[in-house]
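Engineer: See query-v6.cif below, with mmCIF, C-alpha atoms.
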```cif
data_work
#
loop_
_atom_site.label_atom_id
_atom_site.label_comp_id
_atom_site.auth_asym_id
_atom_site.auth_seq_id
_atom_site.Cartn_x
_atom_site.Cartn_y
_atom_site.Cartn_z
CA MET A 583 112.52 107.89 92.96
CA ALA A 584 110.38 106.65 95.82
CA SER A 585 108.76 103.26 95.40
CA THR A 586 105.02 103.67 94.86
CA LEU A 587 104.37 100.13 96.05
CA LEU A 588 106.10 100.78 99.36
CA LEU A 589 104.18 104.03 99.84
CA VAL A 590 100.86 102.25 99.19
CA VAL A 591 101.69 99.35 101.54
CA VAL A 592 102.78 101.73 104.31
CA PHE A 593 99.62 103.81 103.79
CA VAL A 594 97.41 100.72 104.03
CA PHE A 595 99.14 99.52 107.22
CA ASP A 596 98.82 102.98 108.76
CA LEU A 597 95.16 103.13 107.75
CA ILE A 598 94.49 99.74 109.37
CA ALA A 599 96.34 100.85 112.53
CA PHE A 600 94.27 104.05 112.64
CA ALA A 601 91.00 102.16 112.18
CA LEU A 602 91.89 99.69 114.92
CA ALA A 603 92.85 102.49 117.31
CA VAL A 604 89.57 104.33 116.68
CA ALA A 605 87.61 101.10 117.11
CA ALA A 606 89.47 100.40 120.36
CA GLU A 607 88.52 103.86 121.61
CA GLN A 608 84.87 103.14 120.85
CA ARG A 609 84.91 99.67 122.43
CA ARG A 610 87.02 100.26 125.53
CA ALA A 611 85.94 98.32 128.60
CA SER A 612 83.22 99.64 130.86
CA ALA A 613 82.20 98.33 134.26
CA ARG A 614 79.19 98.25 136.51
CA ILE A 615 78.74 97.31 140.13
CA ALA A 616 76.79 94.13 140.82
CA GLN A 617 75.40 93.09 144.16
CA ASP A 618 75.50 89.63 145.65
CA ALA A 619 73.84 88.41 148.85
CA ASN A 620 76.31 90.20 151.11
CA SER A 621 78.91 91.85 148.86
CA ARG A 622 79.38 94.11 145.85
CA TYR A 623 81.75 93.47 142.95
CA CYS A 624 82.60 94.80 139.49
CA ILE A 625 81.40 93.26 136.26
CA TYR A 626 83.39 94.26 133.18
CA GLU A 627 82.02 94.15 129.67
CA SER A 628 83.79 92.82 126.59
CA ASP A 629 87.56 93.19 126.47
CA ILE A 630 87.91 93.47 122.69
CA ALA A 631 89.52 96.91 122.82
CA THR A 632 92.72 95.43 124.22
CA GLY A 633 93.14 93.20 121.16
CA MET A 634 92.35 96.09 118.83
CA GLY A 635 94.91 98.29 120.57
CA VAL A 636 97.59 95.62 120.30
CA GLY A 637 96.67 95.09 116.63
CA ALA A 638 97.02 98.82 115.95
CA LEU A 639 100.36 98.79 117.75
CA LEU A 640 101.63 95.90 115.60
CA PHE A 641 100.42 97.36 112.28
CA LEU A 642 102.10 100.68 113.09
CA LEU A 643 105.29 98.83 114.06
CA VAL A 644 105.35 96.92 110.76
CA SER A 645 104.74 100.14 108.85
CA GLN A 646 107.62 101.88 110.61
CA LEU A 647 109.94 98.90 110.06
CA LEU A 648 109.15 98.85 106.33
CA VAL A 649 110.12 102.50 105.94
CA MET A 650 113.25 102.10 108.06
CA PHE A 651 114.41 99.01 106.16
CA ALA A 652 113.79 100.74 102.83
CA THR A 653 115.86 103.75 103.89
CA ARG A 654 118.38 101.69 105.83
CA CYS A 655 117.51 103.82 108.86
CA MET A 656 119.64 106.65 107.44
CA CYS A 657 122.76 105.20 109.03
CA CYS A 658 123.78 102.44 106.63
CA GLY A 659 124.52 102.71 102.96
CA ARG A 660 126.03 105.56 101.02
CA ALA A 661 125.82 109.18 102.07
CA LEU A 662 122.98 111.36 100.88
CA SER A 663 123.68 114.23 98.52
CA PRO A 664 123.70 117.60 100.26
CA GLY A 665 120.79 119.97 99.82
CA ARG A 666 117.27 120.73 100.89
CA SER A 667 116.04 117.14 100.43
CA ARG A 668 118.68 115.78 102.81
CA ALA A 669 117.95 118.44 105.44
CA LEU A 670 114.23 117.67 105.27
CA ALA A 671 114.90 113.94 105.36
CA VAL A 672 116.95 114.30 108.55
CA PHE A 673 114.28 116.51 110.18
CA LEU A 674 111.47 114.15 109.15
CA PHE A 675 113.47 111.12 110.33
CA ILE A 676 113.70 112.55 113.85
CA THR A 677 110.05 113.69 113.80
CA CYS A 678 108.96 110.29 112.52
CA TRP A 679 110.60 108.49 115.43
CA VAL A 680 109.20 110.92 118.02
CA THR A 681 105.62 110.57 116.77
CA PHE A 682 106.06 106.80 116.44
CA ILE A 683 107.21 106.44 120.05
CA ILE A 684 104.32 108.58 121.31
CA ALA A 685 101.78 106.58 119.26
CA GLU A 686 103.18 103.26 120.45
CA ALA A 687 103.20 104.44 124.06
CA CYS A 688 99.56 105.53 123.87
CA LEU A 689 98.46 102.28 122.24
CA LEU A 690 100.47 100.11 124.62
CA ALA A 691 99.36 101.99 127.74
CA GLY A 692 95.75 101.93 126.57
CA SER A 693 95.85 98.21 125.89
CA VAL A 694 97.46 97.37 129.22
CA ARG A 695 95.16 99.63 131.21
CA ASN A 696 92.05 98.40 129.35
CA ALA A 697 92.96 94.79 130.21
CA TYR A 698 93.26 95.58 133.92
CA HIS A 699 90.23 94.54 135.99
CA THR A 700 89.84 94.86 139.74
CA LYS A 701 89.34 91.48 141.39
CA TYR A 702 88.06 92.24 144.86
CA ARG A 703 84.70 92.33 146.58
CA ALA A 704 83.45 94.88 149.07
CA VAL A 705 81.15 94.25 152.01
CA LEU A 706 77.67 95.74 151.54
CA SER A 707 77.99 98.22 154.39
CA ALA A 708 81.38 99.51 153.18
CA ASN A 709 82.06 101.82 150.25
CA PRO A 710 81.37 100.37 146.80
CA PRO A 711 84.35 98.83 144.99
CA SER A 712 86.38 100.92 142.61
CA CYS A 713 85.69 99.60 139.11
CA GLU A 714 88.65 101.17 137.36
CA THR A 715 88.49 101.51 133.59
CA LEU A 716 90.57 103.13 130.89
CA ARG A 717 90.23 106.87 130.63
CA LYS A 718 88.50 108.23 127.54
CA GLY A 719 90.86 109.47 124.85
CA VAL A 720 93.95 107.28 125.31
CA PHE A 721 93.30 105.22 122.19
CA GLY A 722 92.12 108.41 120.46
CA ALA A 723 95.46 110.07 121.14
CA GLY A 724 97.17 106.95 119.82
CA ALA A 725 95.04 107.13 116.66
CA ALA A 726 95.97 110.78 116.15
CA PHE A 727 99.67 110.01 116.48
CA VAL A 728 99.26 107.06 114.10
CA VAL A 729 98.08 109.58 111.49
CA PHE A 730 100.98 111.93 112.25
CA THR A 731 103.46 109.06 112.07
CA GLY A 732 102.01 107.87 108.76
CA ILE A 733 102.22 111.30 107.15
CA VAL A 734 105.70 112.06 108.44
CA SER A 735 107.14 108.62 107.60
CA GLU A 736 105.88 108.78 104.02
CA LEU A 737 107.26 112.30 103.59
CA TYR A 738 110.54 111.13 105.09
CA TYR A 739 110.74 108.29 102.59
CA VAL A 740 110.01 110.60 99.64
CA PHE A 741 112.63 113.17 100.67
CA TYR A 742 115.14 110.43 101.45
CA SER A 743 114.61 109.00 97.97
CA LYS A 744 115.07 112.42 96.37
CA SER A 745 118.28 112.98 98.29
CA ASP A 746 119.55 109.47 97.52
CA GLU A 747 119.28 110.00 93.74
CA GLY A 748 121.98 112.64 93.52
CA VAL A 749 125.63 111.83 92.96
CA ILE A 750 128.08 113.16 95.50
CA PRO A 751 131.03 114.74 93.73
CA THR A 752 134.43 113.40 94.67
CA ARG A 753 137.21 115.77 95.62
CA ASP A 754 140.73 115.55 94.26
CA THR A 755 143.06 115.44 97.24
CA GLY A 756 146.14 116.28 95.20
CA ILE A 757 148.14 113.18 96.12
CA ARG A 758 147.90 110.25 93.82
CA MET A 759 148.99 106.78 94.78
CA GLY A 760 150.35 104.60 92.05
CA ALA A 761 151.32 100.98 91.80
CA PHE A 762 154.75 100.19 93.23
CA ASN A 763 156.85 98.51 90.63
#
```
Starting from the file, lay out its structure as structure tokens.
Structural biologist:
Amino acid sequence: MASTLLLVVVFVFDLIAFALAVAAEQRRASARIAQDANSRYCIYESDIATGMGVGALLFLLVSQLLVMFATRCMCCGRALSPGRSRALAVFLFITCWVTFIIAEACLLAGSVRNAYHTKYRAVLSANPPSCETLRKGVFGAGAAFVVFTGIVSELYYVFYSKSDEGVIPTRDTGIRMGAFN
């Protein structure tokens, strides 16, 4: 049977990752144009969203690693017993990795882009400088995929555990090897 402690720990890590991703979406950097004596430049507000995005990325990574170590990543250990649980475990394993990669990509891209600040000045008579900021919704998409990853990874672990409980019957090959005396 699936370990309740592992399911709770993974849920808590996924919940923390989701909360950090939502907070990063709310606190992403914004910029305004300031004017000096003869030039314009960008002033960026707090950069806390980058740290929150990286924190969400790390919590999701730890959560995924816990599930993969507990299930031995489906490639090590004994074979699973055939049936519906094994088929669902294989499907959820693939889905879990796809949603995990998308969530990590959104969180990483959002964190990197949020940390980027333009560093140039423009002359007053020229066009104003481009104060580039992170687009709205990048961390939000990461938060949504954190939820999907959390649900799918916990379901994967449950179905893997159900499939791992069964005993695989051995087949008699018809040839027996005995001790040579």
Engineer: Which distance in Å separates CA of Phe595 (chain A) and CA of Leu643 (chain A), to one decimal?
Structural biologist: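 Straight-line distance from CA of Phe595 (chain A) to CA of Leu643 (chain A) works out to 9.2 Å.
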Engineer: Quick one: 4 Å padding each side, axis-aligned, all listed atoms of region 595-612 of chain A - centre and edge lengths in Å to one decimal, as lines of an AutoDock Vina configuration file?
Structural biologist:
```
center_x = 91.2
center_y = 101.3
center_z = 119.0
size_x = 23.9
size_y = 14.0
size_z = 31.6
```
Engineer: On this file, the PyMOL selection byres ((chain A and resi 727-735) around 10) gives some set of residues; write that set as an MDAnalysis selection string.
Structural biologist: chainID A and resid 589 592:601 603 638:639 641:642 645:646 649:650 671 673:686 688:689 721:726 736:741
Engineer: Between A:Arg668, A:Arg610, A:Lys744, A:Arg622, single out the one closest to Val694 (chain A), counting all atoms listed in the file.
Structural biologist: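 For Val694 (chain A), the nearest of the given residues is A:Arg610.
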Engineer: Separation of CA of Thr632 (chain A) and CA of Gln617 (chain A), in Å?
Structural biologist: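 CA of Thr632 (chain A) sits 26.5 Å away from CA of Gln617 (chain A).
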Engineer: Check what the PyMOL selection byres ((chain A and resi 624) around 12) selects in the file above and give those residues as number ranges by chain.
Structural biologist: A: 611-618, 621-623, 625-627, 699-704, 710-715
Engineer: What is the CA of Ala631 (chain A) to CA of Arg695 (chain A) distance in Å?
Structural biologist: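 Pair CA of Ala631 (chain A) / CA of Arg695 (chain A) returns 10.5 Å.
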Engineer: Place a sphere of radius 12 Å on (119.1, 119.6, 99.8) in the file coordinates and name every protein, DNA or RNA residue with an atom inside or on its surface, counting only C-alpha atoms; give the answer as a compact mmCIF listing (two decimals) with C-alpha atoms, keeping the file's coordinate frame.
Structural biologist:
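As written to disk, point38.txt reads:
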```txt
# COMPACT_ATOMS: atom_id res chain seq x y z
CA LEU A 662 122.98 111.36 100.88
CA SER A 663 123.68 114.23 98.52
CA PRO A 664 123.70 117.60 100.26
CA GLY A 665 120.79 119.97 99.82
CA ARG A 666 117.27 120.73 100.89
CA SER A 667 116.04 117.14 100.43
CA ARG A 668 118.68 115.78 102.81
CA ALA A 669 117.95 118.44 105.44
CA LEU A 670 114.23 117.67 105.27
CA ALA A 671 114.90 113.94 105.36
CA VAL A 672 116.95 114.30 108.55
CA PHE A 673 114.28 116.51 110.18
CA PHE A 741 112.63 113.17 100.67
CA TYR A 742 115.14 110.43 101.45
CA SER A 743 114.61 109.00 97.97
CA LYS A 744 115.07 112.42 96.37
CA SER A 745 118.28 112.98 98.29
CA ASP A 746 119.55 109.47 97.52
CA GLU A 747 119.28 110.00 93.74
CA GLY A 748 121.98 112.64 93.52
CA ILE A 750 128.08 113.16 95.50
```
Engineer: Of the candidates A:Gly659, A:Ala691, A:Gly719, A:Val644, which one gets nearest to Val591 (chain A) if we count all atoms listed in the file?
Structural biologist: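 Result for the nearest residue to Val591 (chain A): A:Val644.
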